[in-house]
$ cat upload-v3.cif   # mmCIF, C-alpha atoms and all ligand atoms
data_run
loop_
_atom_site.label_atom_id
_atom_site.label_comp_id
_atom_site.auth_asym_id
_atom_site.auth_seq_id
_atom_site.Cartn_x
_atom_site.Cartn_y
_atom_site.Cartn_z
CA MET A 13 -19.04 -4.89 18.77
CA LYS A 14 -19.72 -1.18 18.25
CA THR A 15 -16.97 0.66 16.32
CA GLN A 16 -16.29 4.17 17.60
CA VAL A 17 -14.72 6.80 15.29
CA ILE A 18 -12.84 9.65 16.99
CA SER A 19 -11.57 12.69 15.10
CA ALA A 20 -7.85 13.12 15.66
CA SER A 21 -7.99 16.80 14.78
CA ARG A 22 -10.72 17.68 17.31
CA GLN A 23 -10.02 15.15 20.06
CA GLU A 24 -6.45 14.01 19.50
CA GLU A 25 -5.51 13.72 23.20
CA ALA A 26 -8.65 11.83 24.21
CA GLY A 27 -8.52 9.63 21.09
CA THR A 28 -4.91 8.54 21.39
CA THR A 29 -5.23 8.00 25.17
CA LEU A 30 -8.25 5.72 24.67
CA GLY A 31 -6.45 4.04 21.75
CA ALA A 32 -3.31 3.42 23.79
CA ASN A 33 -5.37 1.89 26.63
CA LEU A 34 -7.12 -0.42 24.18
CA ILE A 35 -3.78 -1.46 22.64
CA ARG A 36 -2.32 -2.20 26.08
CA SER A 37 -5.33 -4.34 26.96
CA GLY A 38 -4.90 -6.48 23.84
CA GLU A 39 -7.54 -4.83 21.61
CA LEU A 40 -7.30 -3.51 18.02
CA VAL A 41 -7.20 0.17 17.03
CA ALA A 42 -7.17 1.57 13.48
CA PHE A 43 -5.04 4.70 13.12
CA PRO A 44 -3.83 7.06 10.37
CA THR A 45 -0.29 7.02 9.04
CA GLU A 46 1.27 9.11 6.27
CA THR A 47 0.94 6.13 3.87
CA VAL A 48 -2.37 4.33 4.54
CA TYR A 49 -4.45 3.55 7.66
CA GLY A 50 -3.06 0.79 9.89
CA LEU A 51 -4.87 -1.79 12.03
CA GLY A 52 -2.81 -1.90 15.22
CA ALA A 53 -2.27 -4.30 18.12
CA ASN A 54 0.36 -4.65 20.85
CA GLY A 55 3.32 -6.00 18.84
CA LEU A 56 4.77 -7.87 21.81
CA ASP A 57 1.54 -9.75 22.57
CA GLY A 58 1.03 -12.76 20.27
CA GLU A 59 -2.64 -13.18 21.19
CA ALA A 60 -3.46 -9.54 20.43
CA VAL A 61 -1.62 -9.86 17.10
CA ASN A 62 -3.72 -12.92 16.19
CA ARG A 63 -6.83 -10.71 16.43
CA ILE A 64 -5.48 -8.63 13.51
CA PHE A 65 -5.43 -11.70 11.27
CA GLU A 66 -9.00 -12.55 12.30
CA ALA A 67 -10.38 -9.03 11.75
CA LYS A 68 -8.73 -8.72 8.32
CA GLY A 69 -9.28 -12.28 7.16
CA ARG A 70 -5.53 -12.26 6.49
CA PRO A 71 -3.68 -15.48 5.56
CA ASN A 72 -1.59 -16.34 8.63
CA ASP A 73 1.68 -16.78 6.74
CA ASN A 74 1.78 -13.05 5.86
CA PRO A 75 3.98 -11.18 8.40
CA LEU A 76 3.26 -7.74 9.90
CA ILE A 77 5.24 -4.52 10.28
CA LEU A 78 6.12 -3.22 13.78
CA HIS A 79 5.65 0.54 14.18
CA ILE A 80 7.86 2.45 16.61
CA ALA A 81 7.99 6.08 17.79
CA LYS A 82 11.67 6.31 18.84
CA LYS A 83 14.65 5.20 16.75
CA SER A 84 16.28 3.70 19.88
CA GLU A 85 13.48 1.09 20.11
CA LEU A 86 14.83 -0.64 17.02
CA LYS A 87 17.64 -2.23 19.06
CA LYS A 88 15.09 -4.20 21.12
CA LEU A 89 13.44 -5.62 18.01
CA TRP A 90 16.43 -6.58 15.86
CA SER A 91 19.14 -9.04 16.99
CA HIS A 92 21.66 -6.33 16.02
CA VAL A 93 21.54 -3.24 13.83
CA PRO A 94 23.62 -3.65 10.64
CA ASP A 95 25.86 -0.66 9.74
CA ARG A 96 24.03 0.25 6.56
CA ALA A 97 20.76 0.68 8.46
CA TYR A 98 22.05 3.82 10.22
CA PRO A 99 22.30 6.21 7.25
CA LEU A 100 18.89 5.00 6.01
CA ILE A 101 17.30 5.61 9.40
CA GLU A 102 18.93 9.04 9.66
CA THR A 103 17.72 10.01 6.19
CA PHE A 104 14.25 8.50 5.95
CA TRP A 105 12.84 8.01 9.47
CA PRO A 106 10.30 9.01 10.47
CA GLY A 107 8.69 8.32 7.08
CA PRO A 108 7.44 5.76 4.56
CA LEU A 109 10.36 3.28 4.69
CA THR A 110 10.10 -0.17 6.31
CA LEU A 111 13.34 -2.05 7.04
CA ILE A 112 13.69 -5.82 7.49
CA PHE A 113 16.41 -7.57 9.46
CA HIS A 114 16.91 -10.55 11.84
CA LYS A 115 14.50 -10.40 14.75
CA ALA A 116 15.32 -10.26 18.46
CA ASP A 117 13.83 -12.87 20.84
CA ALA A 118 11.31 -10.32 22.20
CA VAL A 119 9.43 -10.27 18.86
CA PRO A 120 6.71 -12.96 18.84
CA TYR A 121 6.44 -15.30 15.87
CA GLU A 122 2.81 -14.22 15.47
CA VAL A 123 4.17 -10.90 14.12
CA THR A 124 6.69 -12.45 11.73
CA ALA A 125 4.46 -15.35 10.66
CA GLY A 126 7.15 -17.72 11.85
CA LEU A 127 10.05 -15.98 10.04
CA GLU A 128 13.38 -15.16 11.75
CA THR A 129 13.25 -11.64 10.29
CA VAL A 130 11.07 -8.69 11.28
CA ALA A 131 9.90 -5.55 9.47
CA VAL A 132 10.03 -2.24 11.37
CA ARG A 133 9.04 1.30 10.48
CA MET A 134 8.73 4.67 12.20
CA PRO A 135 5.72 6.60 10.84
CA SER A 136 5.86 10.40 10.61
CA ASP A 137 2.12 10.92 11.17
CA LYS A 138 1.61 12.81 14.46
CA THR A 139 -1.43 10.79 15.59
CA ALA A 140 0.40 7.52 14.90
CA GLN A 141 3.43 8.72 16.84
CA SER A 142 1.35 9.86 19.79
CA LEU A 143 -0.57 6.56 19.88
CA ILE A 144 2.63 4.48 19.83
CA ARG A 145 4.31 6.65 22.47
CA LYS A 146 1.34 6.47 24.82
CA ALA A 147 0.91 2.71 24.31
CA GLY A 148 4.57 2.26 25.29
CA VAL A 149 4.94 -0.80 23.05
CA PRO A 150 5.72 -1.30 19.34
CA ILE A 151 2.45 -1.52 17.42
CA ALA A 152 2.06 -4.33 14.88
CA ALA A 153 -0.07 -3.03 12.01
CA PRO A 154 -0.96 -4.09 8.49
CA SER A 155 -3.10 -1.85 6.29
CA ALA A 156 -6.59 -1.60 7.85
CA ASN A 157 -8.54 -3.14 4.92
CA ARG A 158 -10.19 -6.55 4.71
CA SER A 159 -7.61 -8.81 3.10
CA GLY A 160 -7.57 -8.47 -0.72
CA LYS A 161 -9.30 -5.03 -0.81
CA PRO A 162 -7.59 -1.72 -1.67
CA SER A 163 -5.76 -0.23 1.34
CA PRO A 164 -7.74 2.48 3.18
CA THR A 165 -6.63 6.10 2.86
CA THR A 166 -9.50 7.60 4.88
CA ALA A 167 -11.29 6.64 8.11
CA GLU A 168 -14.48 6.07 6.07
CA HIS A 169 -12.70 3.34 4.09
CA VAL A 170 -11.61 1.69 7.33
CA LEU A 171 -15.18 1.82 8.63
CA GLU A 172 -16.44 0.23 5.38
CA ASP A 173 -14.20 -2.78 5.97
CA MET A 174 -13.99 -2.97 9.78
CA ASP A 175 -17.35 -1.77 11.13
CA GLY A 176 -18.35 -4.04 14.02
CA ARG A 177 -14.99 -5.84 14.02
CA ILE A 178 -12.87 -3.39 16.03
CA PRO A 179 -13.63 -1.00 18.92
CA LEU A 180 -11.92 2.18 17.68
CA ILE A 181 -10.88 4.09 14.55
CA LEU A 182 -8.81 7.27 14.95
CA ASP A 183 -9.78 9.59 12.09
CA GLY A 184 -6.80 11.65 10.91
CA GLY A 185 -8.27 12.67 7.54
CA GLU A 186 -6.81 11.63 4.21
CA CYS A 187 -3.34 9.98 4.14
CA LYS A 188 -0.55 12.01 2.57
CA TYR A 189 1.06 9.42 0.25
CA GLY A 190 -1.86 7.05 -0.44
CA VAL A 191 0.30 3.94 -1.03
CA GLU A 192 2.03 1.80 1.59
CA SER A 193 5.63 2.21 2.67
CA THR A 194 8.64 1.03 0.70
CA VAL A 195 9.74 -2.35 2.15
CA LEU A 196 13.53 -2.82 2.03
CA SER A 197 15.19 -6.03 3.21
CA LEU A 198 18.65 -5.58 4.74
CA VAL A 199 19.17 -9.35 5.01
CA GLY A 200 21.86 -10.03 2.37
CA GLU A 201 22.01 -7.55 -0.53
CA PRO A 202 19.62 -4.62 0.09
CA THR A 203 16.45 -5.54 -1.80
CA ILE A 204 13.18 -3.67 -2.32
CA LEU A 205 10.36 -6.12 -1.66
CA ARG A 206 7.63 -3.50 -2.17
CA PRO A 207 8.19 -0.09 -3.85
CA GLY A 208 6.81 3.08 -2.23
CA ALA A 209 7.35 6.81 -1.83
CA VAL A 210 10.98 6.28 -0.81
CA THR A 211 12.19 5.28 -4.27
CA LYS A 212 15.03 3.03 -5.45
CA GLU A 213 16.79 6.17 -6.69
CA MET A 214 16.52 7.82 -3.25
CA LEU A 215 17.81 4.72 -1.44
CA GLU A 216 20.74 4.31 -3.85
CA ALA A 217 21.79 7.91 -3.26
CA VAL A 218 22.36 6.91 0.40
CA ILE A 219 23.66 3.28 0.37
CA GLY A 220 24.61 2.51 -3.25
CA PRO A 221 23.14 -0.30 -5.37
CA VAL A 222 19.75 -1.67 -4.32
CA ARG A 223 18.04 -4.64 -5.99
CA LEU A 224 14.38 -5.00 -6.88
CA ALA A 225 12.60 -8.23 -5.93
CA GLY A 226 11.65 -10.16 -9.09
CA SER A 227 7.88 -10.07 -8.76
CA ILE A 228 7.31 -6.34 -8.31
CA LEU A 229 5.73 -5.91 -11.76
CA ARG A 230 4.68 -9.47 -12.57
CA PRO A 231 2.91 -12.38 -10.89
CA LEU A 232 4.96 -15.04 -9.13
CA MET A 233 6.03 -17.88 -11.41
CA ASP A 234 5.30 -21.53 -10.68
CA ARG A 235 7.23 -22.64 -7.60
CA GLU A 236 8.90 -19.22 -7.22
CA VAL A 237 9.23 -18.38 -3.51
CA ALA A 238 7.86 -14.91 -2.63
CA ALA A 239 10.60 -12.68 -1.17
CA SER A 240 7.75 -11.05 0.70
CA PRO A 241 4.87 -13.37 1.56
CA GLY A 242 2.36 -10.54 0.90
CA MET A 243 3.29 -10.62 -2.80
CA LYS A 244 1.67 -13.95 -3.49
CA TYR A 245 -1.88 -13.01 -2.55
CA LYS A 246 -4.56 -11.27 -4.57
CA HIS A 247 -4.33 -7.63 -3.67
CA TYR A 248 -5.98 -4.23 -3.86
CA ALA A 249 -8.92 -5.70 -5.78
CA PRO A 250 -11.96 -3.40 -6.01
CA ASP A 251 -15.43 -4.76 -6.80
CA ALA A 252 -14.93 -3.96 -10.52
CA GLN A 253 -12.67 -5.62 -13.11
CA VAL A 254 -9.55 -3.49 -13.69
CA ILE A 255 -7.67 -3.51 -17.02
CA VAL A 256 -4.32 -1.73 -17.46
CA ILE A 257 -3.57 -0.13 -20.84
CA ASP A 258 0.13 0.33 -21.66
CA GLY A 259 1.55 2.71 -24.23
CA THR A 260 2.24 6.34 -25.11
CA PRO A 261 -0.42 8.79 -23.85
CA GLU A 262 -1.77 9.12 -27.38
CA GLN A 263 -2.05 5.38 -28.16
CA THR A 264 -3.35 4.68 -24.67
CA ALA A 265 -6.16 7.19 -25.05
CA LYS A 266 -7.19 5.80 -28.45
CA CYS A 267 -7.20 2.26 -27.13
CA ALA A 268 -9.04 3.18 -23.90
CA LEU A 269 -11.80 5.04 -25.76
CA SER A 270 -12.34 2.20 -28.20
CA MET A 271 -12.50 -0.38 -25.39
CA TYR A 272 -14.79 1.94 -23.44
CA TYR A 273 -17.43 1.98 -26.19
CA ASP A 274 -17.08 -1.76 -26.77
CA TYR A 275 -17.88 -2.46 -23.13
CA MET A 276 -20.73 0.08 -23.17
CA GLU A 277 -22.25 -1.79 -26.10
CA GLN A 278 -22.12 -4.96 -24.04
CA GLY A 279 -24.25 -3.14 -21.45
CA LYS A 280 -21.45 -2.65 -18.92
CA THR A 281 -20.74 0.44 -16.83
CA VAL A 282 -17.20 1.58 -17.51
CA GLU A 283 -14.93 4.28 -16.10
CA ILE A 284 -11.57 5.39 -17.46
CA LEU A 285 -8.81 6.41 -15.02
CA SER A 286 -7.29 9.24 -17.02
CA THR A 287 -4.25 11.45 -16.47
CA LYS A 288 -3.76 15.18 -16.80
CA GLN A 289 -2.07 14.54 -20.16
CA THR A 290 -4.98 12.54 -21.63
CA HIS A 291 -8.13 13.69 -19.85
CA MET A 292 -9.34 16.01 -22.64
CA ARG A 293 -9.27 13.15 -25.14
CA TYR A 294 -12.02 11.34 -23.26
CA ARG A 295 -14.68 14.02 -23.71
CA GLY A 296 -18.08 12.38 -23.93
CA ALA A 297 -16.92 9.30 -22.02
CA SER A 298 -16.93 8.82 -18.26
CA ALA A 299 -13.39 9.45 -17.00
CA THR A 300 -11.81 10.31 -13.64
CA MET A 301 -8.52 12.19 -13.69
CA ILE A 302 -6.24 10.39 -11.27
CA GLY A 303 -3.17 12.61 -11.50
CA ASP A 304 -0.25 13.84 -13.57
CA ARG A 305 1.96 11.36 -15.46
CA GLU A 306 4.92 13.67 -14.89
CA GLN A 307 4.33 13.50 -11.12
CA PRO A 308 3.43 9.88 -10.39
CA GLU A 309 3.14 10.66 -6.67
CA THR A 310 -0.10 12.51 -7.49
CA MET A 311 -1.42 9.29 -9.05
CA CYS A 312 -0.35 7.24 -6.02
CA GLN A 313 -2.31 9.62 -3.75
CA ASN A 314 -5.58 8.93 -5.57
CA LEU A 315 -5.30 5.31 -6.65
CA PHE A 316 -6.82 3.37 -3.74
CA ARG A 317 -9.58 5.93 -3.16
CA SER A 318 -10.52 5.86 -6.85
CA LEU A 319 -10.51 2.06 -6.96
CA ARG A 320 -12.86 1.94 -3.97
CA ASP A 321 -15.19 4.75 -5.05
CA ILE A 322 -15.43 3.80 -8.71
CA GLY A 323 -15.28 0.05 -8.07
CA SER A 324 -18.46 0.27 -6.00
CA HIS A 325 -20.61 1.38 -8.97
CA CYS A 326 -18.79 0.19 -12.12
CA ASP A 327 -18.26 -3.13 -13.87
CA VAL A 328 -14.99 -2.25 -15.61
CA ILE A 329 -12.20 0.24 -14.86
CA LEU A 330 -9.80 1.04 -17.73
CA ALA A 331 -6.57 2.43 -16.22
CA GLU A 332 -3.61 3.98 -18.02
CA GLY A 333 -0.23 2.40 -17.35
CA ILE A 334 2.71 4.79 -16.75
CA PRO A 335 6.53 4.48 -16.87
CA THR A 336 8.02 2.76 -13.83
CA ASP A 337 10.63 5.38 -12.90
CA GLU A 338 10.67 6.92 -9.42
CA GLU A 339 7.20 6.69 -7.82
CA GLY A 340 5.79 5.30 -11.07
CA LEU A 341 7.11 1.93 -9.85
CA ALA A 342 4.98 2.02 -6.68
CA TYR A 343 1.97 3.07 -8.75
CA MET A 344 2.32 0.28 -11.31
CA ASN A 345 3.06 -2.31 -8.60
CA ARG A 346 -0.34 -1.57 -6.97
CA LEU A 347 -2.30 -0.99 -10.19
CA LEU A 348 -1.14 -4.24 -11.82
CA ARG A 349 -2.08 -6.24 -8.72
CA SER A 350 -5.50 -4.63 -8.58
CA ALA A 351 -5.95 -5.73 -12.21
CA GLY A 352 -4.78 -9.26 -11.52
CA PHE A 353 -2.05 -8.37 -14.09
CA GLU A 354 -4.60 -8.02 -16.91
CA ARG A 355 -3.02 -5.58 -19.39
CA VAL A 356 -3.47 -4.49 -22.98
CA ASP A 357 -0.72 -3.21 -25.31
CA ALA A 358 -2.25 -0.01 -26.73
CA GLU A 359 -0.10 0.11 -29.84
CA ALA A 360 -0.92 -3.45 -30.88
CA TYR A 361 -4.61 -2.90 -30.11
CA VAL A 362 -4.76 0.29 -32.18
CA ARG A 363 -3.02 -1.40 -35.09
CA LYS A 364 -5.15 -4.55 -35.01
CA ASN A 365 -8.42 -2.63 -34.82
CA GLN A 366 -7.28 0.01 -37.32
CA ILE A 367 -8.16 2.91 -35.03
CA ASN A 368 -6.97 6.34 -36.04
O1 LIG B 401 2.76 1.81 4.91
C1 LIG B 401 2.69 0.70 5.40
O2 LIG B 401 3.65 -0.09 5.39
C2 LIG B 401 1.36 0.29 6.05
C3 LIG B 401 1.13 1.21 7.25
C4 LIG B 401 -0.07 0.81 8.06
O3 LIG B 401 2.28 1.26 8.05
N1 LIG B 401 1.39 -1.10 6.44
C5 LIG B 401 1.32 -2.11 5.54
O4 LIG B 401 1.32 -3.37 6.09
O5 LIG B 401 1.25 -1.93 4.36
P1 LIG B 401 0.90 -4.67 5.27
O6 LIG B 401 0.82 -5.74 6.29
O7 LIG B 401 -0.32 -4.39 4.50
O8 LIG B 401 2.12 -4.96 4.35
C6 LIG B 401 3.34 -5.43 4.89
C7 LIG B 401 4.18 -6.07 3.81
C8 LIG B 401 3.58 -7.39 3.37
O9 LIG B 401 3.74 -7.51 1.97
C9 LIG B 401 4.43 -8.42 4.11
O10 LIG B 401 4.48 -9.67 3.45
C10 LIG B 401 5.78 -7.72 4.15
O11 LIG B 401 5.48 -6.35 4.34
N2 LIG B 401 6.62 -8.19 5.29
C11 LIG B 401 6.44 -7.97 6.61
N3 LIG B 401 7.38 -8.60 7.34
C12 LIG B 401 8.20 -9.22 6.47
C13 LIG B 401 9.35 -10.05 6.60
N4 LIG B 401 9.88 -10.36 7.79
N5 LIG B 401 9.93 -10.54 5.46
C14 LIG B 401 9.40 -10.25 4.24
N6 LIG B 401 8.31 -9.46 4.05
C15 LIG B 401 7.70 -8.98 5.15
MG MG B 402 -1.84 -4.48 3.09
#
$ encode --input "upload-v3.cif" --output "structure tokens"
Amino acid sequence: MKTQVISASRQEEAGTTLGANLIRSGELVAFPTETVYGLGANGLDGEAVNRIFEAKGRPNDNPLILHIAKKSELKKLWSHVPDRAYPLIETFWPGPLTLIFHKADAVPYEVTAGLETVAVRMPSDKTAQSLIRKAGVPIAAPSANRSGKPSPTTAEHVLEDMDGRIPLILDGGECKYGVESTVLSLVGEPTILRPGAVTKEMLEAVIGPVRLAGSILRPLMDREVAASPGMKYKHYAPDAQVIVIDGTPEQTAKCALSMYYDYMEQGKTVEILSTKQTHMRYRGASATMIGDREQPETMCQNLFRSLRDIGSHCDVILAEGIPTDEEGLAYMNRLLRSAGFERVDAEAYVRKNQIN
């Protein structure tokens, strides 16, 4: 199959019209959203949805998010709309918040991977909205990467993973947030299953206390059931080994530099993911500044792109850990998964190796 890429800025009308026709005829279309690129299919057509799992190589017990363009469509997808959903929808839609509740009969089990609940979100990206509106159906879409790889934040990334597997990619340039939406379950106590740009603090300002699912910053324990099936799989893994270094900026930089030269001596190619606060300390070493520790959203924007770009030509990536407040939680959730939870305590390392 030949994969066509159409620029949404130059040919938005033609691109979304072709995309909507493909979606209606059961085909797959990759499209930009404000978070990451999605790989879409008609969300009411079980067979079309199955093609997503094939193209991604996605385990079939991992459910998908339905994307809508009008708030009123939610009523057709949920068995009823719980009261506390309304203020959240008014505040955060359209935008990077996915809500989970009991599904309506119209939603096929292919979308929910057999669950009685369904995840829905309304993206703010204009191309995404236009595609969904023209298709006239909710669009089921996971991130448009091959399963296990970092999520795509540009059309080039999608092409890397999906060339020859899907007929069309709509190119909307680089995604605004760079990490996937916050996933909030409204079944029982409101619980964040995946942190994102809509933070715990922002949600609590609207509906009061919100819980965090247990495995946001750690691997699942033996026999622990994943609140969100996506949490149990290897995720966001670039071609290089990623190691997270935790500590103050000062200790982290000392530790990272020492590890950097150790790996170099072993003949490995290494890159440090630095921050604005530490970048100058890595002079002489190979480091990419990923963002500002004080503004973790800047780090989120660059994470997946950096993992892909650097991962393609390095053996080891040494990445600084940051505090998990606000968007730092979304950052660390993705970074730790990309590292397979391999982390080093900078302070202990510096002490043990007597680095000053
Ligand atoms: O920003 C985003 O959410 C992007 C863009 C394309 O919209 N989509 C995305 O989809 O990240 P995906 O499939 O990569 O991640 C969806 C996550 C998975 O972890 C999945 O397990 C969880 O949401 N999920 C979906 N439906 C669920 C349900 N009914 N119950 C629990 N978790 C669910
Ligand atoms: Mg994904």
$ closest_residue --input "upload-v3.cif" --among "A:Asn345, A:Gln313, A:Thr290, A:Asn72" --to "Ser159 of chain A" --atoms "all atoms listed in the file"
A:Asn72
$ residues_around --input "upload-v3.cif" --residues "segment 115-129 of chain A" --least-positions-apart "2" --cutoff "8 Å" --atoms "all atoms listed in the file" --output "list in words"
Gly55, Leu56, Asp57, Gly58, Glu59, Val61, Asn62, Asn72, Asp73, Asn74, Pro75, Leu76, Ile77, Leu78, Lys88, Leu89, Trp90, Ser91, His92, Ile112, Phe113, Ala131 and Ala152 of chain A
$ closest_residue --input "upload-v3.cif" --among "A:Arg346, A:Arg230, A:Arg223, A:Arg293" --to "ligand LIG 401 (chain B)" --atoms "only C-alpha atoms and all ligand atoms"
A:Arg346
$ residues_near_ligand --input "upload-v3.cif" --ligand "ligand MG 402 (chain B)" --cutoff "9 Å" --atoms "all atoms listed in the file" --output "PyMOL selection string"
chain A and resi 48+50+154-163+192+242+247-248
$ residues_around --input "upload-v3.cif" --residues "Leu229 of chain A" --least-positions-apart "6" --cutoff "9 Å" --atoms "all atoms listed in the file" --output "list in words"
Leu341, Met344, Asn345, Arg346, Leu348, Arg349 and Phe353 of chain A
$ atom_distance --input "upload-v3.cif" --atom1 "atom CA of Val282 of chain A" --atom2 "atom CA of Asp327 of chain A"
6.0 Å
$ residues_around --input "upload-v3.cif" --residues "Gly296 of chain A" --least-positions-apart "2" --cutoff "12 Å" --atoms "all atoms listed in the file" --output "PyMOL selection string"
chain A and resi 269+272-273+283-284+291-294+298-299
$ residues_around --input "upload-v3.cif" --residues "Gly303 of chain A" --least-positions-apart "6" --cutoff "6 Å" --atoms "all atoms listed in the file" --output "ChimeraX atom specification"
/A:287-288,310-311
$ closest_atom_pairs --input "upload-v3.cif" --of "segment 94-149 of chain A" --to "segment 23-26 of chain A" --cutoff "10 Å" --atoms "all atoms listed in the file" --output "tab-separated table"
residue	atom	partner	partner_atom	distance
A:Lys138	CA	A:Glu24	CA	9.6
A:Thr139	CA	A:Glu24	CA	7.1
A:Ser142	CA	A:Glu25	CA	8.6
A:Leu143	CA	A:Glu25	CA	9.3
$ residues_around --input "upload-v3.cif" --residues "Lys266 of chain A" --least-positions-apart "6" --cutoff "8 Å" --atoms "only C-alpha atoms" --output "CSV table (one decimal) with C-alpha atoms, in the frame of the given file"
chain,number,residue,atom,x,y,z
A,358,ALA,CA,-2.2,0.0,-26.7
A,362,VAL,CA,-4.8,0.3,-32.2
A,367,ILE,CA,-8.2,2.9,-35.0
A,368,ASN,CA,-7.0,6.3,-36.0
$ atom_distance --input "upload-v3.cif" --atom1 "atom CA of Pro241 of chain A" --atom2 "atom CA of Val191 of chain A"
18.1 Å
$ closest_residue --input "upload-v3.cif" --among "A:Lys188, A:Arg96, A:Arg36, A:Lys83" --to "ligand LIG 401 (chain B)" --atoms "all atoms listed in the file"
A:Lys188
$ closest_residue --input "upload-v3.cif" --among "A:Met301, A:Ala81, A:Leu51, A:Leu347" --to "Gln141 of chain A" --atoms "only C-alpha atoms"
A:Ala81
$ closest_residue --input "upload-v3.cif" --among "A:Ala249, A:Leu198, A:Ile18, A:Leu180" --to "ligand LIG 401 (chain B)" --atoms "all atoms listed in the file"
A:Leu198
$ residues_near_point --input "upload-v3.cif" --point "(-4.1, 3.0, 26.2)" --cutoff "12 Å" --atoms "only C-alpha atoms" --output "PyMOL selection string"
chain A and resi 25-41+53-54+142-149+151+180
$ atom_distance --input "upload-v3.cif" --atom1 "atom CA of Phe65 of chain A" --atom2 "atom C7 of ligand LIG 401 (chain B)"
13.4 Å
